[in-house]
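Read through the structure below, which is laid out as C-alpha cells, and then see the notes.
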Amino acid sequence: KPETSESKCDVLIVGAGPAGLMLATWMAHCGINARIVDKRGTKIFSGQADGLQMRSLEVLDSFGIADRVWKEANHLIEMCMWNPGEDGKIRRSDRVPDMPDGISRFYQIVLHQGRIERFFLDNIKKYSKDTLHVERGVLPESLDISENLCGDHSADNYPLTVKLRHLTDEEATPAQSTSSTIQDGLFRSNMVEDDTDDLIRRSKEKQGTTEIIKAKYMVGCDGAHSWTRRQLGFQLEGEPTDFIWGVLDIIPITDFPDIRSRCAIHSASSGSMMVIPRENKLVRLYIQLTEIKPDASGRADRSKITPSTIISAAQKIIAPYNLTYEYCDWWTAYQIGQRVGTNFDYKSRVFLAGDAVHTHSPKAGQGMNVSMQDAFNLGWKLGLVVKGITQPSILQTYQTERRKVAQDLIDFDHRFSRLFSGRPAKDVLDETGVNMTEFKEAFLKGNLFASGLSVDYGASQLVAKDKTAEAQVAQITKNEDLSVIKLGMRFPSHQVLNQADGRPWQFQTRLKSDGRFRLIIFAGNVLSPTQSALLNSFAAKLASSSFLAKYIYSTIDVLTCHSAPRTAVDLLRDFPEVLHPFDPKLGWDYESVYVDDVSYHQGFGDAYVKYGVDKEKGCVVVTRPDQYVGYVGELDPDKGWEGVEGYFKGVFVGK
Ligand code: FAD
C-alpha cells in the first residue's frame with residue numbers, strides 16, 4: 001500500500017527554474033511558510049539562459065545576490081554588426097555600446113543559468129534560516145480547487161489540495177540526446193515532447209510515495225510545457241515560426257576579430273548568427289539552421305541536429321573566417337514560437353509565472369529576465385496577503401501588470417526575430433530582404449525595452465495614477481528619461497550621501513527587498529524656514545496617524561533626502577524624530593536621512609536634478625516593496641499627507 005502523508009503550507013511553488021527560485025527568495029525574505037518542488041533531480045549545471053539585463057541586476061541586488069553575479073559574469077560592453085559588403089563577404093558595419101549609458105548603475109552581463117540558480121539557492125537557505133529547500137524529484141499529480149473557499153482569504157482557509165508524487169532518481173533525470181555525448185538542453189526545448197504525463201503514469205504504476213498538501217496559494221513556475229497551466233485549462237495564444245535555431249556553448253578557435261564582443265552577423269545567403277562572449281573563455285553561438293525546415297505538421301526533425309550540424313552552419317555564416325572548437329560545454333536547438341497565456345491567475349489562488357505564460361525566442365536575452373520579474377512582481381504581494389497586512393485584491397494586479405509586459409515582449413520579439421532571422425537586403429529595391437539600417441535602429445530601440453527598465457505599470461490600487469496625479473507629477477518631476485521618478489516605473493538610482501557620516505550611497509540600494517513599502521520624503525531645502533515648517537508639520541501627521549501606527553517601520557520604511565548643504569544641517573537638531581527614530585537599546589537611527597550634496601571622494605550625484613525633483617520644495621514618493629513608484633505628491637501636511645495616507649488606506653487592511 002502506498003504511503004500518503006498530509007501537510008499544510010501557505011504557498012506551494014511548482015518548478016525551480018529562475019521564476020520559481022525568485023518566488024522562493026521572496027518567501028524566504030518575507031518569512032512565509034512555503035514549499036517548492038521540481039520534477040528534476042538536480043538543478044541545471046550548464047547552458048540555457050545566460051543574459052542578465054540591467055533591471056534584473058537591480059532586483060538581484062535588492063536581495064543581496066548581485067555582487068556574486070557581477071564578479072563571476074562576463075560583462076557585455078560592445079555590440080558589433082557584421083553584414084555582407086558589395087562583394088558578398090561579411091564585414092563589420094557598426095560598433096555600438098551594448099547598452100545606452102546612464103540609465104542604471106549596472107549594464108548587461110552574461111553568466112549561465114545554473115550559476116544564477118546556485119546564488120538563489122544560497123540566498124534562500126540564508127534568509128529562510130535553512131527551512132526552505134527545493135524538493136527535487138517531486139511531481140504534482142493532481143490539483144483540486146475548493147471553488148467555494150477561493151474568495152475567503154482568511155488565515156485558516158486552504159482551498160487548494162495538491163497530490164505530490166516522489167520520483168526515483170532515474171525518473172527525475174532528463175534523457176539526453178543520443179546523437180552526442182555533450183550535455184544538451186533538448187529536454188527543455190520546444191522541439192521535444194514534455195515527459196510530465198508519462199512520468200505521472202509510470203510512477204503511479206509503481207505506487208511510489210505520495211503526499212497531500214493543503215495550500216492557500218500555488219504558483220506554477222513549471223516552464224513552457226506547464227502542467228499547472230494545463231490543470232487550469234488555460235492556453236498560450238500565438239504561433240510557432242519556421243525559424244529553427246541551434247545553440248552552441250564552445251571555446252572557439254577562430255581568426256574572427258570580434259569573437260570577444262557581442263555580434264550580430266548576417267551573411268549574404270547562409271543565414272545569421274549571434275555571438276555572445278561568455279565567462280571562462282566560452283562563447284555562445286545562436287545559429288539559424290536554414291537547411292532544417294519544419295514538416296507539414298509544423299515540427300522540425302530534431303534528430304538531424306547535432307553539434308556538428310550546428311558548427312558547420314556557423315562556419316558558412318562566418319566565412320571567410322575560420323571557426324572550430326575542441327571543447328563544447330552544452331548545446332541545444334529550438335523552434336521559435338511567440339505565445340502569451342490567456343490568463344495569469346485563477347481566482348487569485350493559482351498563479352502562473354515565467355515560461356509557463358510566455359514563450360519567445362531567446363536571442364534578445366529576455367526569457368530568464370522576464371520570468372524572474374514576473375515572480376518578483378508576485379512574491380511580495382503573496383507574502384503580504386498571507387501575513388494579513390494587505391488587502392487580497394492587490395493580487396489581481398499581478399495579471400494586469402505582467403500580462404501587458406508579456407504582450408509587449410512578444411511584440412518586440414516578433415519584430416526583432418524577423419529582422420534578425422531575415423536575409424539582408426541586396427539593395428533598396430530588394431523588398432524581401434531586411435534593411436540593415438532598420439536592423440540597427442530596431443536593435444538600439446529594442447535595447448531599452450530589453451533592459452527591463454522601461455516597464456510602466458498602469459493605474460491600480462497599487463499605482464495612484466490618475467489624470468490629476470499625473471498632472472501633479474509632471475509639475476514635480478520634469479524630464480522624460482529613465483533617470484526621473486515616474487509613477488508606475490521603478491525608482492531610479494542616483495548617488496546621495498548619508499547625512500550622519502557623509503558616505504555616498506546609490507539611493508536605490510536603500511530599497512531592499514524585505515517586503516516593506518517606502519515613504520521617501522524629498523525634504524527640499526530644509527534651511528528655508530517655510531520648508532522646514534512644512535517638513536515638521538508633515539512629520540507630525542506621520543507620527544500621529546492612528547491608521548499608520550501599526551505599519552510604520554515594520555511595513556513602511558521611512559527615508560528622507562534633503563537638498564541643503566550637508567554641513568549646514570544637523571541630523572538631531574533639524575529633523576523630527578519620526579524620520580530617524582530613537583530606540584532605547586540601539587540609540588538613534590543614522591541610516592534614514594540622506595542629502596544631495598558633493599561627496600569627498602565620489603563627486604556630486606546631483607540627485608534632485610536627475611530625479612526631476614524641485615530642490616526647494618521637494619516632494620513625497622511612495623515605493624512598493626518591489627521598488628515601483630506607487631504615489632508621488634507634494635510635501636505638505638494637507639493635500640500631500642492625505643494623498644500618502646489615502647494610498648496606504650487603499651492597500652493595507654484596517655480602517
Ligand atoms: P524553466 O527555467 O523552464 O524552469 C521550469 C522548472 O519547472 C524546471 O526546473 C522544470 O524541471 C520544472 N518543471 C517542469 N514541469 C514540472 C512539473 N510538472 N512538476 C514539477 N516541476 C516541473 N533567457 C534569457 O533571459 N536569456 C538567454 O540568453 C536565454 N537563452 C536561452 C537559451 C536556450 C537554449 C533556452 C532553451 C532558453 C533560453 N532562455 C534565455 C530562456 C530561459 O531559459 C527561460 O525563459 C527561463 O529558464 C524561464 O524560466 P522559468 O523558471 O519560467 O522556467
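In the C-alpha cells, the first chain shown is A, the next is B, and so on; residue numbers restart at 1 for each chain, and ligands run from 1 in the order shown.
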
Review point. Neighbours of range 379-382 of chain A within 12 Å (only C-alpha atoms; same-chain residues fewer than 6 positions away dropped), as number ranges by chain?
Key: A: 10-13, 19-34, 153, 216-219, 348-353, 372-373, 388-398, 462, 513-517, 555, 624-627, 651-652

Counting only C-alpha atoms and all ligand atoms, which residues in chain A sit no more than 7 Å from ligand 1? For each one, give the nearest pair of atoms and the distance in Å, sorted by chain then residue number, as JSON lines.
{"residue": "A:Val14", "atom": "CA", "partner": "ligand 1", "partner_atom_place_in_ligand_line": "20 (C)", "distance": 5.2}
{"residue": "A:Gly15", "atom": "CA", "partner": "ligand 1", "partner_atom_place_in_ligand_line": "7 (O)", "distance": 3.3}
{"residue": "A:Ala16", "atom": "CA", "partner": "ligand 1", "partner_atom_place_in_ligand_line": "9 (O)", "distance": 4.6}
{"residue": "A:Gly17", "atom": "CA", "partner": "ligand 1", "partner_atom_place_in_ligand_line": "4 (O)", "distance": 3.5}
{"residue": "A:Pro18", "atom": "CA", "partner": "ligand 1", "partner_atom_place_in_ligand_line": "51 (O)", "distance": 3.9}
{"residue": "A:Ala19", "atom": "CA", "partner": "ligand 1", "partner_atom_place_in_ligand_line": "51 (O)", "distance": 3.7}
{"residue": "A:Gly20", "atom": "CA", "partner": "ligand 1", "partner_atom_place_in_ligand_line": "51 (O)", "distance": 5.5}
{"residue": "A:Val37", "atom": "CA", "partner": "ligand 1", "partner_atom_place_in_ligand_line": "20 (C)", "distance": 5.9}
{"residue": "A:Asp38", "atom": "CA", "partner": "ligand 1", "partner_atom_place_in_ligand_line": "21 (N)", "distance": 3.6}
{"residue": "A:Lys39", "atom": "CA", "partner": "ligand 1", "partner_atom_place_in_ligand_line": "20 (C)", "distance": 4.0}
{"residue": "A:Arg40", "atom": "CA", "partner": "ligand 1", "partner_atom_place_in_ligand_line": "11 (O)", "distance": 4.8}
{"residue": "A:Lys43", "atom": "CA", "partner": "ligand 1", "partner_atom_place_in_ligand_line": "9 (O)", "distance": 6.8}
{"residue": "A:Gly47", "atom": "CA", "partner": "ligand 1", "partner_atom_place_in_ligand_line": "34 (C)", "distance": 7.0}
{"residue": "A:Gln48", "atom": "CA", "partner": "ligand 1", "partner_atom_place_in_ligand_line": "33 (C)", "distance": 4.2}
{"residue": "A:Ala49", "atom": "CA", "partner": "ligand 1", "partner_atom_place_in_ligand_line": "29 (C)", "distance": 3.2}
{"residue": "A:Asp50", "atom": "CA", "partner": "ligand 1", "partner_atom_place_in_ligand_line": "28 (O)", "distance": 4.4}
{"residue": "A:Gly51", "atom": "CA", "partner": "ligand 1", "partner_atom_place_in_ligand_line": "26 (N)", "distance": 4.4}
{"residue": "A:Leu52", "atom": "CA", "partner": "ligand 1", "partner_atom_place_in_ligand_line": "25 (O)", "distance": 6.5}
{"residue": "A:Val138", "atom": "CA", "partner": "ligand 1", "partner_atom_place_in_ligand_line": "20 (C)", "distance": 6.3}
{"residue": "A:Leu139", "atom": "CA", "partner": "ligand 1", "partner_atom_place_in_ligand_line": "19 (N)", "distance": 4.4}
{"residue": "A:Pro140", "atom": "CA", "partner": "ligand 1", "partner_atom_place_in_ligand_line": "19 (N)", "distance": 5.6}
{"residue": "A:Gly185", "atom": "CA", "partner": "ligand 1", "partner_atom_place_in_ligand_line": "36 (C)", "distance": 6.4}
{"residue": "A:Arg188", "atom": "CA", "partner": "ligand 1", "partner_atom_place_in_ligand_line": "36 (C)", "distance": 6.0}
{"residue": "A:Ser189", "atom": "CA", "partner": "ligand 1", "partner_atom_place_in_ligand_line": "36 (C)", "distance": 5.2}
{"residue": "A:Thr196", "atom": "CA", "partner": "ligand 1", "partner_atom_place_in_ligand_line": "18 (N)", "distance": 5.3}
{"residue": "A:Cys221", "atom": "CA", "partner": "ligand 1", "partner_atom_place_in_ligand_line": "52 (O)", "distance": 5.3}
{"residue": "A:Asp222", "atom": "CA", "partner": "ligand 1", "partner_atom_place_in_ligand_line": "7 (O)", "distance": 3.5}
{"residue": "A:Gly223", "atom": "CA", "partner": "ligand 1", "partner_atom_place_in_ligand_line": "3 (O)", "distance": 3.7}
{"residue": "A:Ala224", "atom": "CA", "partner": "ligand 1", "partner_atom_place_in_ligand_line": "3 (O)", "distance": 6.2}
{"residue": "A:His225", "atom": "CA", "partner": "ligand 1", "partner_atom_place_in_ligand_line": "15 (N)", "distance": 6.6}
{"residue": "A:Ser226", "atom": "CA", "partner": "ligand 1", "partner_atom_place_in_ligand_line": "15 (N)", "distance": 5.6}
{"residue": "A:Trp227", "atom": "CA", "partner": "ligand 1", "partner_atom_place_in_ligand_line": "18 (N)", "distance": 4.8}
{"residue": "A:Val247", "atom": "CA", "partner": "ligand 1", "partner_atom_place_in_ligand_line": "34 (C)", "distance": 6.0}
{"residue": "A:Thr332", "atom": "CA", "partner": "ligand 1", "partner_atom_place_in_ligand_line": "34 (C)", "distance": 5.5}
{"residue": "A:Ala333", "atom": "CA", "partner": "ligand 1", "partner_atom_place_in_ligand_line": "34 (C)", "distance": 6.5}
{"residue": "A:Ala353", "atom": "CA", "partner": "ligand 1", "partner_atom_place_in_ligand_line": "52 (O)", "distance": 6.1}
{"residue": "A:Gly354", "atom": "CA", "partner": "ligand 1", "partner_atom_place_in_ligand_line": "52 (O)", "distance": 3.4}
{"residue": "A:Asp355", "atom": "CA", "partner": "ligand 1", "partner_atom_place_in_ligand_line": "52 (O)", "distance": 3.9}
{"residue": "A:Ala356", "atom": "CA", "partner": "ligand 1", "partner_atom_place_in_ligand_line": "52 (O)", "distance": 5.9}
{"residue": "A:Pro362", "atom": "CA", "partner": "ligand 1", "partner_atom_place_in_ligand_line": "29 (C)", "distance": 4.5}
{"residue": "A:Lys363", "atom": "CA", "partner": "ligand 1", "partner_atom_place_in_ligand_line": "28 (O)", "distance": 6.2}
{"residue": "A:Ala364", "atom": "CA", "partner": "ligand 1", "partner_atom_place_in_ligand_line": "26 (N)", "distance": 6.9}
{"residue": "A:Gly365", "atom": "CA", "partner": "ligand 1", "partner_atom_place_in_ligand_line": "26 (N)", "distance": 3.4}
{"residue": "A:Gln366", "atom": "CA", "partner": "ligand 1", "partner_atom_place_in_ligand_line": "25 (O)", "distance": 3.8}
{"residue": "A:Gly367", "atom": "CA", "partner": "ligand 1", "partner_atom_place_in_ligand_line": "45 (O)", "distance": 3.1}
{"residue": "A:Met368", "atom": "CA", "partner": "ligand 1", "partner_atom_place_in_ligand_line": "25 (O)", "distance": 3.5}
{"residue": "A:Asn369", "atom": "CA", "partner": "ligand 1", "partner_atom_place_in_ligand_line": "25 (O)", "distance": 4.7}
{"residue": "A:Ser371", "atom": "CA", "partner": "ligand 1", "partner_atom_place_in_ligand_line": "52 (O)", "distance": 5.0}

Just to be explicit: take each residue in the selection above, keep C-alpha atoms, and write the result as a PDB file, in the first residue's frame.
ATOM      1  CA  VAL A  14       5.867  24.191  -8.706  1.00  0.00           C
ATOM      2  CA  GLY A  15       9.129  24.419 -10.660  1.00  0.00           C
ATOM      3  CA  ALA A  16      12.552  25.636  -9.530  1.00  0.00           C
ATOM      4  CA  GLY A  17      13.842  27.485 -12.589  1.00  0.00           C
ATOM      5  CA  PRO A  18      14.512  31.239 -12.426  1.00  0.00           C
ATOM      6  CA  ALA A  19      10.834  32.109 -11.838  1.00  0.00           C
ATOM      7  CA  GLY A  20      10.289  29.540  -9.063  1.00  0.00           C
ATOM      8  CA  VAL A  37       9.053  21.254  -5.752  1.00  0.00           C
ATOM      9  CA  ASP A  38      10.676  20.330  -9.069  1.00  0.00           C
ATOM     10  CA  LYS A  39      10.338  17.152 -11.102  1.00  0.00           C
ATOM     11  CA  ARG A  40      14.051  17.091 -11.949  1.00  0.00           C
ATOM     12  CA  LYS A  43      19.400  21.956 -10.870  1.00  0.00           C
ATOM     13  CA  GLY A  47      23.781  26.146 -20.774  1.00  0.00           C
ATOM     14  CA  GLN A  48      20.267  27.526 -21.126  1.00  0.00           C
ATOM     15  CA  ALA A  49      19.678  31.238 -20.355  1.00  0.00           C
ATOM     16  CA  ASP A  50      22.719  33.376 -19.733  1.00  0.00           C
ATOM     17  CA  GLY A  51      21.879  37.056 -20.203  1.00  0.00           C
ATOM     18  CA  LEU A  52      21.120  39.256 -17.203  1.00  0.00           C
ATOM     19  CA  VAL A 138       8.777  15.649  -6.766  1.00  0.00           C
ATOM     20  CA  LEU A 139       5.909  15.920  -9.198  1.00  0.00           C
ATOM     21  CA  PRO A 140       2.373  17.217  -8.636  1.00  0.00           C
ATOM     22  CA  GLY A 185      19.232  21.164 -23.230  1.00  0.00           C
ATOM     23  CA  ARG A 188      13.609  21.631 -22.166  1.00  0.00           C
ATOM     24  CA  SER A 189      13.483  22.702 -25.802  1.00  0.00           C
ATOM     25  CA  THR A 196       5.294  15.054 -17.297  1.00  0.00           C
ATOM     26  CA  CYS A 221       6.640  28.177 -12.470  1.00  0.00           C
ATOM     27  CA  ASP A 222       6.863  24.924 -14.397  1.00  0.00           C
ATOM     28  CA  GLY A 223       8.144  26.197 -17.724  1.00  0.00           C
ATOM     29  CA  ALA A 224       6.824  26.244 -21.262  1.00  0.00           C
ATOM     30  CA  HIS A 225       5.014  22.885 -21.020  1.00  0.00           C
ATOM     31  CA  SER A 226       3.417  23.944 -17.691  1.00  0.00           C
ATOM     32  CA  TRP A 227       1.408  21.176 -16.032  1.00  0.00           C
ATOM     33  CA  VAL A 247      22.797  26.950 -29.767  1.00  0.00           C
ATOM     34  CA  THR A 332      20.536  22.717 -27.867  1.00  0.00           C
ATOM     35  CA  ALA A 333      18.113  23.520 -30.659  1.00  0.00           C
ATOM     36  CA  ALA A 353       4.803  32.810 -13.963  1.00  0.00           C
ATOM     37  CA  GLY A 354       7.702  32.731 -16.414  1.00  0.00           C
ATOM     38  CA  ASP A 355       7.797  30.469 -19.449  1.00  0.00           C
ATOM     39  CA  ALA A 356       4.519  28.939 -18.207  1.00  0.00           C
ATOM     40  CA  PRO A 362      15.969  33.571 -26.580  1.00  0.00           C
ATOM     41  CA  LYS A 363      18.039  35.948 -28.719  1.00  0.00           C
ATOM     42  CA  ALA A 364      17.050  39.153 -27.021  1.00  0.00           C
ATOM     43  CA  GLY A 365      18.059  37.575 -23.715  1.00  0.00           C
ATOM     44  CA  GLN A 366      14.636  38.061 -22.187  1.00  0.00           C
ATOM     45  CA  GLY A 367      13.269  34.702 -21.022  1.00  0.00           C
ATOM     46  CA  MET A 368      15.066  34.332 -17.725  1.00  0.00           C
ATOM     47  CA  ASN A 369      14.803  38.049 -17.017  1.00  0.00           C
ATOM     48  CA  SER A 371      10.386  35.171 -15.852  1.00  0.00           C
TER      49      SER A 371
END

Using only C-alpha atoms, tabulate the residues of range 192-285 of chain A lying at most 10 Å from any atom of range 310-323 of chain A, each with its closest atom pair and that distance in Å to one decimal, by chain and increasing residue number, as a tab-separated table.
residue	atom	partner	partner_atom	distance
A:Trp245	CA	A:Ile310	CA	8.7
A:Gly246	CA	A:Ile310	CA	5.9
A:Val247	CA	A:Ile310	CA	7.5
A:Leu248	CA	A:Ile310	CA	7.4
A:Ile250	CA	A:Ile311	CA	9.9
A:Pro252	CA	A:Leu323	CA	6.7
A:Ile253	CA	A:Leu323	CA	5.8
A:Thr254	CA	A:Leu323	CA	4.6
A:Asp255	CA	A:Asn322	CA	5.9
A:Phe256	CA	A:Tyr321	CA	5.5
A:Pro257	CA	A:Tyr321	CA	8.9
A:Ile265	CA	A:Ile317	CA	7.5
A:His266	CA	A:Ile317	CA	7.4
A:Ser267	CA	A:Ile317	CA	5.3
A:Ala268	CA	A:Ile317	CA	8.2
A:Ser269	CA	A:Ile317	CA	8.2
A:Ser270	CA	A:Ile317	CA	5.4
A:Gly271	CA	A:Ile317	CA	6.3
A:Ser272	CA	A:Ile317	CA	6.4
A:Met273	CA	A:Ala314	CA	7.1
A:Met274	CA	A:Ala314	CA	9.8
A:Leu285	CA	A:Ala314	CA	8.0

Would you put the residues from that selection into a file with N, CA, C and O atoms, as a PDB file, in the first residue's frame?
ATOM      1  N   TRP A 245      16.633  27.298 -34.689  1.00  0.00           N
ATOM      2  CA  TRP A 245      17.920  27.801 -34.223  1.00  0.00           C
ATOM      3  C   TRP A 245      18.657  26.739 -33.440  1.00  0.00           C
ATOM      4  O   TRP A 245      18.058  25.966 -32.689  1.00  0.00           O
ATOM      5  N   GLY A 246      19.981  26.724 -33.631  1.00  0.00           N
ATOM      6  CA  GLY A 246      20.830  25.859 -32.830  1.00  0.00           C
ATOM      7  C   GLY A 246      21.648  26.732 -31.885  1.00  0.00           C
ATOM      8  O   GLY A 246      21.928  27.896 -32.202  1.00  0.00           O
ATOM      9  N   VAL A 247      21.991  26.193 -30.731  1.00  0.00           N
ATOM     10  CA  VAL A 247      22.797  26.950 -29.767  1.00  0.00           C
ATOM     11  C   VAL A 247      24.003  26.110 -29.371  1.00  0.00           C
ATOM     12  O   VAL A 247      23.860  24.931 -29.039  1.00  0.00           O
ATOM     13  N   LEU A 248      25.189  26.710 -29.416  1.00  0.00           N
ATOM     14  CA  LEU A 248      26.421  26.015 -29.010  1.00  0.00           C
ATOM     15  C   LEU A 248      27.153  26.861 -27.983  1.00  0.00           C
ATOM     16  O   LEU A 248      27.348  28.063 -28.201  1.00  0.00           O
ATOM     17  N   ILE A 250      30.767  27.014 -26.765  1.00  0.00           N
ATOM     18  CA  ILE A 250      32.081  26.427 -27.081  1.00  0.00           C
ATOM     19  C   ILE A 250      33.216  27.364 -26.661  1.00  0.00           C
ATOM     20  O   ILE A 250      32.985  28.554 -26.433  1.00  0.00           O
ATOM     21  N   PRO A 252      35.883  28.851 -28.660  1.00  0.00           N
ATOM     22  CA  PRO A 252      36.123  28.898 -30.102  1.00  0.00           C
ATOM     23  C   PRO A 252      37.608  29.006 -30.449  1.00  0.00           C
ATOM     24  O   PRO A 252      38.382  29.601 -29.708  1.00  0.00           O
ATOM     25  N   ILE A 253      37.963  28.398 -31.564  1.00  0.00           N
ATOM     26  CA  ILE A 253      39.304  28.591 -32.122  1.00  0.00           C
ATOM     27  C   ILE A 253      39.052  29.263 -33.469  1.00  0.00           C
ATOM     28  O   ILE A 253      38.452  28.660 -34.362  1.00  0.00           O
ATOM     29  N   THR A 254      39.438  30.544 -33.580  1.00  0.00           N
ATOM     30  CA  THR A 254      38.983  31.319 -34.732  1.00  0.00           C
ATOM     31  C   THR A 254      39.900  32.499 -35.044  1.00  0.00           C
ATOM     32  O   THR A 254      40.604  32.981 -34.145  1.00  0.00           O
ATOM     33  N   ASP A 255      39.861  32.978 -36.280  1.00  0.00           N
ATOM     34  CA  ASP A 255      40.552  34.222 -36.627  1.00  0.00           C
ATOM     35  C   ASP A 255      39.552  35.365 -36.804  1.00  0.00           C
ATOM     36  O   ASP A 255      39.903  36.455 -37.266  1.00  0.00           O
ATOM     37  N   PHE A 256      38.291  35.140 -36.421  1.00  0.00           N
ATOM     38  CA  PHE A 256      37.281  36.201 -36.498  1.00  0.00           C
ATOM     39  C   PHE A 256      37.641  37.266 -35.449  1.00  0.00           C
ATOM     40  O   PHE A 256      37.759  36.946 -34.267  1.00  0.00           O
ATOM     41  N   PRO A 257      37.808  38.546 -35.852  1.00  0.00           N
ATOM     42  CA  PRO A 257      38.399  39.517 -34.921  1.00  0.00           C
ATOM     43  C   PRO A 257      37.510  39.926 -33.744  1.00  0.00           C
ATOM     44  O   PRO A 257      38.022  40.373 -32.732  1.00  0.00           O
ATOM     45  N   ILE A 265      25.652  38.727 -36.820  1.00  0.00           N
ATOM     46  CA  ILE A 265      26.248  38.523 -38.151  1.00  0.00           C
ATOM     47  C   ILE A 265      25.156  38.075 -39.122  1.00  0.00           C
ATOM     48  O   ILE A 265      24.514  37.051 -38.908  1.00  0.00           O
ATOM     49  N   HIS A 266      24.941  38.862 -40.152  1.00  0.00           N
ATOM     50  CA  HIS A 266      24.017  38.479 -41.225  1.00  0.00           C
ATOM     51  C   HIS A 266      24.865  38.114 -42.439  1.00  0.00           C
ATOM     52  O   HIS A 266      25.559  38.978 -42.977  1.00  0.00           O
ATOM     53  N   SER A 267      24.811  36.852 -42.887  1.00  0.00           N
ATOM     54  CA  SER A 267      25.572  36.516 -44.100  1.00  0.00           C
ATOM     55  C   SER A 267      24.682  36.762 -45.321  1.00  0.00           C
ATOM     56  O   SER A 267      23.464  36.939 -45.184  1.00  0.00           O
ATOM     57  N   ALA A 268      25.303  36.774 -46.497  1.00  0.00           N
ATOM     58  CA  ALA A 268      24.524  37.100 -47.710  1.00  0.00           C
ATOM     59  C   ALA A 268      23.433  36.060 -47.960  1.00  0.00           C
ATOM     60  O   ALA A 268      22.287  36.402 -48.232  1.00  0.00           O
ATOM     61  N   SER A 269      23.774  34.780 -47.834  1.00  0.00           N
ATOM     62  CA  SER A 269      22.738  33.791 -48.153  1.00  0.00           C
ATOM     63  C   SER A 269      22.824  32.532 -47.285  1.00  0.00           C
ATOM     64  O   SER A 269      22.134  31.555 -47.558  1.00  0.00           O
ATOM     65  N   SER A 270      23.665  32.548 -46.209  1.00  0.00           N
ATOM     66  CA  SER A 270      23.751  31.339 -45.375  1.00  0.00           C
ATOM     67  C   SER A 270      23.092  31.507 -44.009  1.00  0.00           C
ATOM     68  O   SER A 270      23.310  30.716 -43.106  1.00  0.00           O
ATOM     69  N   GLY A 271      22.293  32.565 -43.833  1.00  0.00           N
ATOM     70  CA  GLY A 271      21.607  32.762 -42.558  1.00  0.00           C
ATOM     71  C   GLY A 271      22.357  33.703 -41.637  1.00  0.00           C
ATOM     72  O   GLY A 271      23.339  34.341 -42.040  1.00  0.00           O
ATOM     73  N   SER A 272      21.905  33.778 -40.409  1.00  0.00           N
ATOM     74  CA  SER A 272      22.527  34.723 -39.485  1.00  0.00           C
ATOM     75  C   SER A 272      22.893  34.057 -38.170  1.00  0.00           C
ATOM     76  O   SER A 272      22.442  32.944 -37.874  1.00  0.00           O
ATOM     77  N   MET A 273      23.706  34.784 -37.384  1.00  0.00           N
ATOM     78  CA  MET A 273      24.252  34.185 -36.166  1.00  0.00           C
ATOM     79  C   MET A 273      24.471  35.290 -35.146  1.00  0.00           C
ATOM     80  O   MET A 273      24.847  36.401 -35.492  1.00  0.00           O
ATOM     81  N   MET A 274      24.226  34.964 -33.883  1.00  0.00           N
ATOM     82  CA  MET A 274      24.516  35.895 -32.784  1.00  0.00           C
ATOM     83  C   MET A 274      25.686  35.320 -32.002  1.00  0.00           C
ATOM     84  O   MET A 274      25.690  34.126 -31.687  1.00  0.00           O
ATOM     85  N   LEU A 285      27.040  30.668 -29.387  1.00  0.00           N
ATOM     86  CA  LEU A 285      26.626  30.987 -30.751  1.00  0.00           C
ATOM     87  C   LEU A 285      25.162  30.609 -30.914  1.00  0.00           C
ATOM     88  O   LEU A 285      24.773  29.478 -30.604  1.00  0.00           O
TER      89      LEU A 285
END

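Put simply, CA of Ser599 in chain A is 18.1 Å away from CA of Gly524 in chain A.
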
Check your understanding: Looking at A:Arg418, A:Lys214, A:His562, A:Arg118, which one is nearest to Gly618 in chain A, with distances taken over only C-alpha atoms?
Key -> A:His562

Exercise for review: Quick one: everything within 9 Å of range 89-98 of chain A, counting only C-alpha atoms, minus sequence neighbours fewer than 3 positions away in the same chain. Send it as a ChimeraX atom specification.
Suggested key: /A:76-86,101,107-108,258,262,265-268,317-320,440,444,447

Check your understanding: If you run DSSP on this backbone, which residues of range 574-615 of chain A come out as helix (DSSP H, G or I), and could you give them as JSON, numbers by chain?
Key -> {"A": [574, 577, 578, 579, 607, 608, 609, 610, 611]}
